[in-house]
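Visitor: Below you will find the structure I want to go over with you.
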Amino acid sequence: MKRREFITWSTILGAAASFRISSAEAKQYTDSYVNIMLPKLENLRRLSSAIVGDLPIRVNVIKVADTIRPASVVVKGEDPFRNMTLARTVYQLEFRKGSILLDTGMDLETHRTFGKTEEPYYPENYEMVQKAMLSANMIVLTHYHADHVGGIVRTSHFADVASKVWLTRDTAQLMVNKPHKPTVSISQENVSRFNVVDFDTCYPLAPGVVILKTPGHTVDSKSLYFKLEDGREFIHSVDSGWSMENIRSQRMKNASWVNENEFQLLAQYKWLNRLMYENKDLIVLCTHDNEQYNTLIENGILGGGLKT
Ligand SMILES: [Zn+2]
């Protein structure tokens, strides 16, 4: 995609969010966005083979905390009396000769800034994330939110791991200028020790791994595509939905404080459903879906725990 096209669509979608438009127009914007901005699986597959090397052998995951919210907050229109657990997860791509960590979780102090009451926290799992950061070849930050960057900002191993951190310029700028929580504030100087990069739409990150710009949850949000050695394919939708229910039923979260772009997210939900429909074996991951976390570990699709 040409940069000009990208800017045009970003502008249209930005504008669409700021004034009222009819639902027919909204649908047209969403359809156009799906067709123009969000890649086809065949493009992701091709791009994933751009970097030559051994493909990842496993996707591992661990959660550092749980947050419990009424279902009506997680998915618009759901039952306010049903509680849903949101897992605060960290994913890892395991290769034969190394690993890539996707986000870094958060420490207990940062976790406490999320809720009004004490909620479950798993210090031994956070310790595992810290060890996995030390052994990782690359640490990717998908967006600036505290439950994703807390583990690197608050680490006692900063000097050892900073040069392995990969993030885009917008995430770096947000981390410095608009920290999501007071506990994850970081200096410009420390962020400049990371690998700050930029790209327009999709970017090959490692053999079998592509990162995509999918703004909507936040302006700097990314998703990932990965293909394993055994042929299994995943899209990690990160925080597009908090639950697979958002994605499957194409319904927004109901959390005004997150300040999301509805057009972009509804387009992503549509895109993900289309990909799942057309590719029955494709697995879509969702950072905070606790049910998915338990089920996919139980049936062996995800490795429970990180390789350290
Ligand atoms: Zn999150």
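Identifiers for the structure tokens are assigned positionally: chains receive A, B, ... in sequence, residues are indexed from 1 per chain, and ligands are indexed from 1 in the order shown.
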Residues within 8 Å of ligand 1 should be enumerated using only C-alpha atoms and all ligand atoms and returned as a PDB file with N, CA and C atoms, in the first residue's frame.

Guide:
ATOM      1  N   ARG A  88      -4.005 -11.271  32.385  1.00  0.00           N
ATOM      2  CA  ARG A  88      -2.933 -10.351  31.950  1.00  0.00           C
ATOM      3  C   ARG A  88      -1.778 -11.225  31.478  1.00  0.00           C
ATOM      4  N   HIS A 145       0.370   0.433  26.713  1.00  0.00           N
ATOM      5  CA  HIS A 145      -0.379   0.221  27.958  1.00  0.00           C
ATOM      6  C   HIS A 145       0.461  -0.499  29.037  1.00  0.00           C
ATOM      7  N   ALA A 146       0.156  -0.127  30.286  1.00  0.00           N
ATOM      8  CA  ALA A 146       0.975  -0.540  31.425  1.00  0.00           C
ATOM      9  C   ALA A 146       1.045  -2.052  31.620  1.00  0.00           C
ATOM     10  N   ASP A 147      -0.043  -2.774  31.269  1.00  0.00           N
ATOM     11  CA  ASP A 147      -0.024  -4.225  31.461  1.00  0.00           C
ATOM     12  C   ASP A 147       0.811  -4.910  30.378  1.00  0.00           C
ATOM     13  N   HIS A 148       1.313  -4.145  29.422  1.00  0.00           N
ATOM     14  CA  HIS A 148       2.159  -4.704  28.361  1.00  0.00           C
ATOM     15  C   HIS A 148       3.614  -4.248  28.489  1.00  0.00           C
ATOM     16  N   VAL A 238      -3.945  -9.266  19.925  1.00  0.00           N
ATOM     17  CA  VAL A 238      -3.532  -8.460  21.087  1.00  0.00           C
ATOM     18  C   VAL A 238      -4.772  -7.924  21.816  1.00  0.00           C
ATOM     19  N   ASP A 239      -5.015  -6.610  21.866  1.00  0.00           N
ATOM     20  CA  ASP A 239      -6.125  -6.070  22.659  1.00  0.00           C
ATOM     21  C   ASP A 239      -7.268  -5.536  21.806  1.00  0.00           C
ATOM     22  N   TRP A 242     -11.097  -7.553  24.227  1.00  0.00           N
ATOM     23  CA  TRP A 242     -10.595  -8.048  25.513  1.00  0.00           C
ATOM     24  C   TRP A 242     -10.952  -9.520  25.660  1.00  0.00           C
ATOM     25  N   THR A 287      -5.230 -11.322  23.839  1.00  0.00           N
ATOM     26  CA  THR A 287      -4.375 -11.206  25.036  1.00  0.00           C
ATOM     27  C   THR A 287      -5.071 -11.530  26.351  1.00  0.00           C
ATOM     28  N   HIS A 288      -6.281 -10.986  26.539  1.00  0.00           N
ATOM     29  CA  HIS A 288      -6.881 -11.021  27.874  1.00  0.00           C
ATOM     30  C   HIS A 288      -7.996 -12.044  28.046  1.00  0.00           C
TER      31      HIS A 288
END

Visitor: Env of segment 196-198 of chain A: 8 Å cut, atoms = only C-alpha atoms, seq-sep filter 2 positions within chain, self excluded. Answer as a PyMOL selection string.

Guide: chain A and resi 166-169+172+192+194+200

Visitor: For the selection you just gave me, I'd like the residues written to a file as an mmCIF file, in the first residue's frame, keeping N, CA and C atoms.

Guide:
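Saved to selection33.cif:
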data_model
loop_
_atom_site.group_PDB
_atom_site.id
_atom_site.type_symbol
_atom_site.label_atom_id
_atom_site.label_comp_id
_atom_site.auth_asym_id
_atom_site.auth_seq_id
_atom_site.Cartn_x
_atom_site.Cartn_y
_atom_site.Cartn_z
ATOM 1 N N TRP A 166 12.090 -4.043 21.106
ATOM 2 C CA TRP A 166 11.685 -3.569 19.757
ATOM 3 C C TRP A 166 10.327 -2.916 19.888
ATOM 4 N N LEU A 167 10.221 -1.680 19.423
ATOM 5 C CA LEU A 167 8.931 -0.983 19.485
ATOM 6 C C LEU A 167 8.898 0.074 18.395
ATOM 7 N N THR A 168 7.705 0.576 18.091
ATOM 8 C CA THR A 168 7.607 1.608 17.058
ATOM 9 C C THR A 168 7.689 2.998 17.696
ATOM 10 N N ARG A 169 7.914 3.970 16.825
ATOM 11 C CA ARG A 169 8.139 5.334 17.308
ATOM 12 C C ARG A 169 6.943 5.856 18.109
ATOM 13 N N ALA A 172 6.987 4.464 21.551
ATOM 14 C CA ALA A 172 8.073 5.097 22.320
ATOM 15 C C ALA A 172 7.647 6.490 22.788
ATOM 16 N N SER A 192 15.466 5.585 24.553
ATOM 17 C CA SER A 192 16.396 5.624 23.411
ATOM 18 C C SER A 192 17.372 4.446 23.438
ATOM 19 N N PHE A 194 16.202 1.460 23.582
ATOM 20 C CA PHE A 194 15.445 0.422 22.853
ATOM 21 C C PHE A 194 15.699 0.566 21.348
ATOM 22 N N ASP A 200 4.805 1.244 7.840
ATOM 23 C CA ASP A 200 3.459 1.738 7.558
ATOM 24 C C ASP A 200 2.351 0.740 7.855
#

Visitor: Write out as number ranges by chain each polymer residue whose atoms come within 9 Å of segment 89-104 of chain A, counting only C-alpha atoms; drop sequence neighbours fewer than 3 positions from it.

Guide: A: 54-66, 126, 129-130, 132-133, 135-143, 147-152, 206, 226, 287-290, 293, 306-307

Visitor: With segment 155-160 of chain A as the partner and 12 Å as the cut-off, tabulate the residues of segment 179-223 of chain A that qualify, each row holding the nearest pair of atoms and their distance in Å to one decimal, using only C-alpha atoms, sorted by chain and rising number, as JSON lines.

Guide:
{"residue": "A:Thr183", "atom": "CA", "partner": "A:Thr155", "partner_atom": "CA", "distance": 11.8}
{"residue": "A:Val184", "atom": "CA", "partner": "A:Thr155", "partner_atom": "CA", "distance": 10.5}
{"residue": "A:Ile186", "atom": "CA", "partner": "A:Phe158", "partner_atom": "CA", "distance": 11.6}
{"residue": "A:Asn190", "atom": "CA", "partner": "A:Phe158", "partner_atom": "CA", "distance": 8.9}
{"residue": "A:Val191", "atom": "CA", "partner": "A:Phe158", "partner_atom": "CA", "distance": 10.7}
{"residue": "A:Arg193", "atom": "CA", "partner": "A:Ala159", "partner_atom": "CA", "distance": 8.9}
{"residue": "A:Phe194", "atom": "CA", "partner": "A:Phe158", "partner_atom": "CA", "distance": 10.3}

Visitor: Go through A:Leu224, A:Ala24, A:Leu275, A:Ile301 one by one, measure the shortest atom-to-atom distance of each to Glu42 of chain A using only C-alpha atoms, and give the residue with the smallest value.

Guide: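 Closest to Glu42 of chain A of all the choices is A:Leu275.
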
Visitor: Which residues come within 12 Å of Ile247 of chain A, counting only C-alpha atoms, excluding same-chain residues fewer than 5 positions away, as a list in words?

Guide: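 Counting only C-alpha atoms, the residues come to Val74, Val75, Lys76, Ser237, Val238, Asp239, Ser240, Gly241, Trp242, Met252, Lys253, Leu265, Leu266, Ala267, Gln268, Tyr269, Lys270, Trp271, Leu272, Asn273, Arg274, Leu275, Met276, Val284, Leu285, Cys286 and Asp289 of chain A.
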
Visitor: Just the residues within 8 Å of Asn259 of chain A, please, counting only C-alpha atoms, with nothing from its chain fewer than 3 positions along; format it as a list in words.

Guide: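 So the residues in contact are His217, Thr218, Ala255 and Ser256 of chain A.
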
Visitor: Using only C-alpha atoms for the distances, tell me which of A:Leu228, A:Met128, A:Val161, A:Leu282 is nearest to Gly304 of chain A.

Guide: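 Closest residue, counting only C-alpha atoms: A:Met128.
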
Visitor: Please measure the separation of atom CA of Val176 of chain A and atom CA of Gly115 of chain A, giving the value in Å to one decimal.

Guide: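 Between atom CA of Val176 of chain A and atom CA of Gly115 of chain A the gap is 23.4 Å.
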
Visitor: Determine which residues of segment 139-189 of chain A DSSP labels as alpha helix (DSSP H) from the backbone of this structure, then write them out as an MDAnalysis selection string.

Guide: chainID A and resid 146:153 158:161 169:177 188:189

Visitor: Hey, can you spit out that residue selection with C-alpha atoms as a PDB file, in the first residue's frame?

Guide:
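As a result, selection-v4.pdb now contains:
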ATOM      1  CA  ALA A 146       0.975  -0.540  31.425  1.00  0.00           C
ATOM      2  CA  ASP A 147      -0.024  -4.225  31.461  1.00  0.00           C
ATOM      3  CA  HIS A 148       2.159  -4.704  28.361  1.00  0.00           C
ATOM      4  CA  VAL A 149       5.186  -2.494  29.067  1.00  0.00           C
ATOM      5  CA  GLY A 150       5.281  -2.671  32.899  1.00  0.00           C
ATOM      6  CA  GLY A 151       7.645  -5.642  32.953  1.00  0.00           C
ATOM      7  CA  ILE A 152      10.351  -3.824  31.002  1.00  0.00           C
ATOM      8  CA  VAL A 153       9.892  -0.371  32.529  1.00  0.00           C
ATOM      9  CA  PHE A 158      17.084  -2.927  32.459  1.00  0.00           C
ATOM     10  CA  ALA A 159      20.750  -2.555  31.466  1.00  0.00           C
ATOM     11  CA  ASP A 160      20.873  -6.191  30.319  1.00  0.00           C
ATOM     12  CA  VAL A 161      17.663  -6.264  28.310  1.00  0.00           C
ATOM     13  CA  ARG A 169       8.139   5.334  17.308  1.00  0.00           C
ATOM     14  CA  ASP A 170       4.545   6.078  18.335  1.00  0.00           C
ATOM     15  CA  THR A 171       4.747   3.592  21.218  1.00  0.00           C
ATOM     16  CA  ALA A 172       8.073   5.097  22.320  1.00  0.00           C
ATOM     17  CA  GLN A 173       6.634   8.613  22.217  1.00  0.00           C
ATOM     18  CA  LEU A 174       3.523   7.613  24.162  1.00  0.00           C
ATOM     19  CA  MET A 175       5.593   5.826  26.807  1.00  0.00           C
ATOM     20  CA  VAL A 176       7.646   8.976  27.393  1.00  0.00           C
ATOM     21  CA  ASN A 177       4.982  11.676  26.947  1.00  0.00           C
ATOM     22  CA  GLN A 188      13.460   9.653  26.941  1.00  0.00           C
ATOM     23  CA  GLU A 189      17.012   8.574  27.633  1.00  0.00           C
TER      24      GLU A 189
END

Visitor: From a DSSP calculation on the backbone, collect every residue of segment 132-305 of chain A in strand (DSSP E) and output the set as a PyMOL selection string.

Guide: chain A and resi 138-140+165-168+195-197+202-206+209-213+222-227+233-236+283-285+303-304

Visitor: Write the residues you've just listed into a file as a compact mmCIF listing (two decimals), in the first residue's frame, and include N, CA and C atoms for each of them.

Guide:
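Written file, part-v8.txt:
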# COMPACT_ATOMS: atom_id res chain seq x y z
N MET A 138 14.65 -11.10 21.37
CA MET A 138 13.95 -9.85 21.07
C MET A 138 12.73 -9.73 21.98
N ILE A 139 12.44 -8.51 22.42
CA ILE A 139 11.26 -8.27 23.26
C ILE A 139 10.42 -7.23 22.52
N VAL A 140 9.24 -7.66 22.04
CA VAL A 140 8.40 -6.78 21.22
C VAL A 140 7.34 -6.13 22.11
N VAL A 165 14.84 -4.66 23.20
CA VAL A 165 13.43 -4.24 23.09
C VAL A 165 13.17 -3.62 21.72
N TRP A 166 12.09 -4.04 21.11
CA TRP A 166 11.69 -3.57 19.76
C TRP A 166 10.33 -2.92 19.89
N LEU A 167 10.22 -1.68 19.42
CA LEU A 167 8.93 -0.98 19.49
C LEU A 167 8.90 0.07 18.40
N THR A 168 7.70 0.58 18.09
CA THR A 168 7.61 1.61 17.06
C THR A 168 7.69 3.00 17.70
N ASN A 195 15.24 -0.44 20.58
CA ASN A 195 15.25 -0.33 19.12
C ASN A 195 13.95 0.30 18.69
N VAL A 196 14.00 1.60 18.39
CA VAL A 196 12.79 2.32 17.99
C VAL A 196 12.75 2.34 16.47
N VAL A 197 11.71 1.73 15.90
CA VAL A 197 11.62 1.59 14.44
C VAL A 197 10.28 2.14 13.96
N CYS A 202 2.61 -3.52 7.38
CA CYS A 202 3.08 -4.83 7.88
C CYS A 202 4.60 -4.89 7.78
N TYR A 203 5.20 -5.69 8.64
CA TYR A 203 6.65 -5.73 8.67
C TYR A 203 7.11 -7.13 9.09
N PRO A 204 8.01 -7.76 8.33
CA PRO A 204 8.50 -9.09 8.75
C PRO A 204 9.49 -8.93 9.89
N LEU A 205 9.25 -9.66 10.95
CA LEU A 205 10.01 -9.45 12.18
C LEU A 205 11.06 -10.53 12.39
N ALA A 206 10.72 -11.74 11.97
CA ALA A 206 11.59 -12.91 12.18
C ALA A 206 11.05 -13.99 11.26
N VAL A 209 7.27 -14.72 11.21
CA VAL A 209 6.60 -13.75 12.09
C VAL A 209 6.45 -12.39 11.39
N VAL A 210 5.21 -11.89 11.34
CA VAL A 210 4.93 -10.57 10.75
C VAL A 210 4.19 -9.74 11.79
N ILE A 211 4.56 -8.47 11.90
CA ILE A 211 3.83 -7.57 12.80
C ILE A 211 3.02 -6.60 11.95
N LEU A 212 1.81 -6.30 12.39
CA LEU A 212 0.90 -5.44 11.62
C LEU A 212 0.48 -4.25 12.46
N LYS A 213 0.36 -3.11 11.81
CA LYS A 213 -0.21 -1.97 12.52
C LYS A 213 -1.73 -2.10 12.49
N LYS A 222 -0.59 -2.92 17.71
CA LYS A 222 -0.17 -3.86 16.66
C LYS A 222 -0.83 -5.21 16.89
N SER A 223 -0.87 -5.99 15.80
CA SER A 223 -1.23 -7.41 15.88
C SER A 223 -0.08 -8.18 15.26
N LEU A 224 -0.10 -9.50 15.39
CA LEU A 224 0.97 -10.31 14.81
C LEU A 224 0.40 -11.51 14.07
N TYR A 225 1.12 -11.90 13.04
CA TYR A 225 0.83 -13.18 12.37
C TYR A 225 2.03 -14.07 12.64
N PHE A 226 1.81 -15.34 13.01
CA PHE A 226 2.94 -16.26 13.03
C PHE A 226 2.58 -17.64 12.51
N LYS A 227 3.59 -18.22 11.89
CA LYS A 227 3.44 -19.56 11.33
C LYS A 227 4.50 -20.44 11.96
N GLU A 233 -0.96 -21.83 11.98
CA GLU A 233 -0.91 -20.38 11.82
C GLU A 233 -1.75 -19.68 12.88
N PHE A 234 -1.23 -18.55 13.33
CA PHE A 234 -1.91 -17.76 14.36
C PHE A 234 -2.00 -16.31 13.94
N ILE A 235 -3.07 -15.65 14.35
CA ILE A 235 -3.08 -14.18 14.38
C ILE A 235 -3.23 -13.82 15.85
N HIS A 236 -2.28 -13.06 16.35
CA HIS A 236 -2.43 -12.56 17.72
C HIS A 236 -3.04 -11.16 17.62
N ILE A 283 -5.73 -19.90 14.09
CA ILE A 283 -6.06 -19.65 15.51
C ILE A 283 -5.87 -18.16 15.80
N VAL A 284 -6.95 -17.52 16.23
CA VAL A 284 -6.88 -16.10 16.60
C VAL A 284 -6.70 -16.01 18.11
N LEU A 285 -5.65 -15.35 18.54
CA LEU A 285 -5.38 -15.19 19.96
C LEU A 285 -5.84 -13.81 20.42
N GLY A 303 1.80 -23.54 24.79
CA GLY A 303 2.58 -24.04 25.90
C GLY A 303 2.29 -23.21 27.13
N GLY A 304 1.93 -23.85 28.24
CA GLY A 304 1.64 -23.12 29.49
C GLY A 304 2.93 -22.84 30.23

Visitor: Name the closest residue to Asn125 of chain A among the candidates A:Leu47, A:Met106, A:Ala71, A:Leu41; distances are taken between atoms, counting only C-alpha atoms.

Guide: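 Once distances to Asn125 of chain A are computed over only C-alpha atoms, the minimum belongs to A:Met106.
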
Visitor: Tell me, in Å to one decimal, how far atom CA of Asn83 of chain A is from atom CA of Gly105 of chain A.

Guide: 22.3 Å

Visitor: Quick one: distance from atom CA of Arg45 of chain A to atom CA of Lys280 of chain A in Å, one decimal?

Guide: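 Atom CA of Arg45 of chain A sits 15.6 Å away from atom CA of Lys280 of chain A.
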
Visitor: Could you tell me which of A:Asn299, A:Asn246, A:Thr30, A:Thr85 comes closest to Ile68 of chain A if we count only C-alpha atoms?

Guide: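 Smallest separation from Ile68 of chain A among the options: A:Thr85.
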
Visitor: Between A:Leu86, A:Thr308, A:Tyr33, A:Gly208, which has the minimum distance to Ala50 of chain A (counting only C-alpha atoms)?

Guide: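 For Ala50 of chain A, the nearest of the candidates is A:Gly208.
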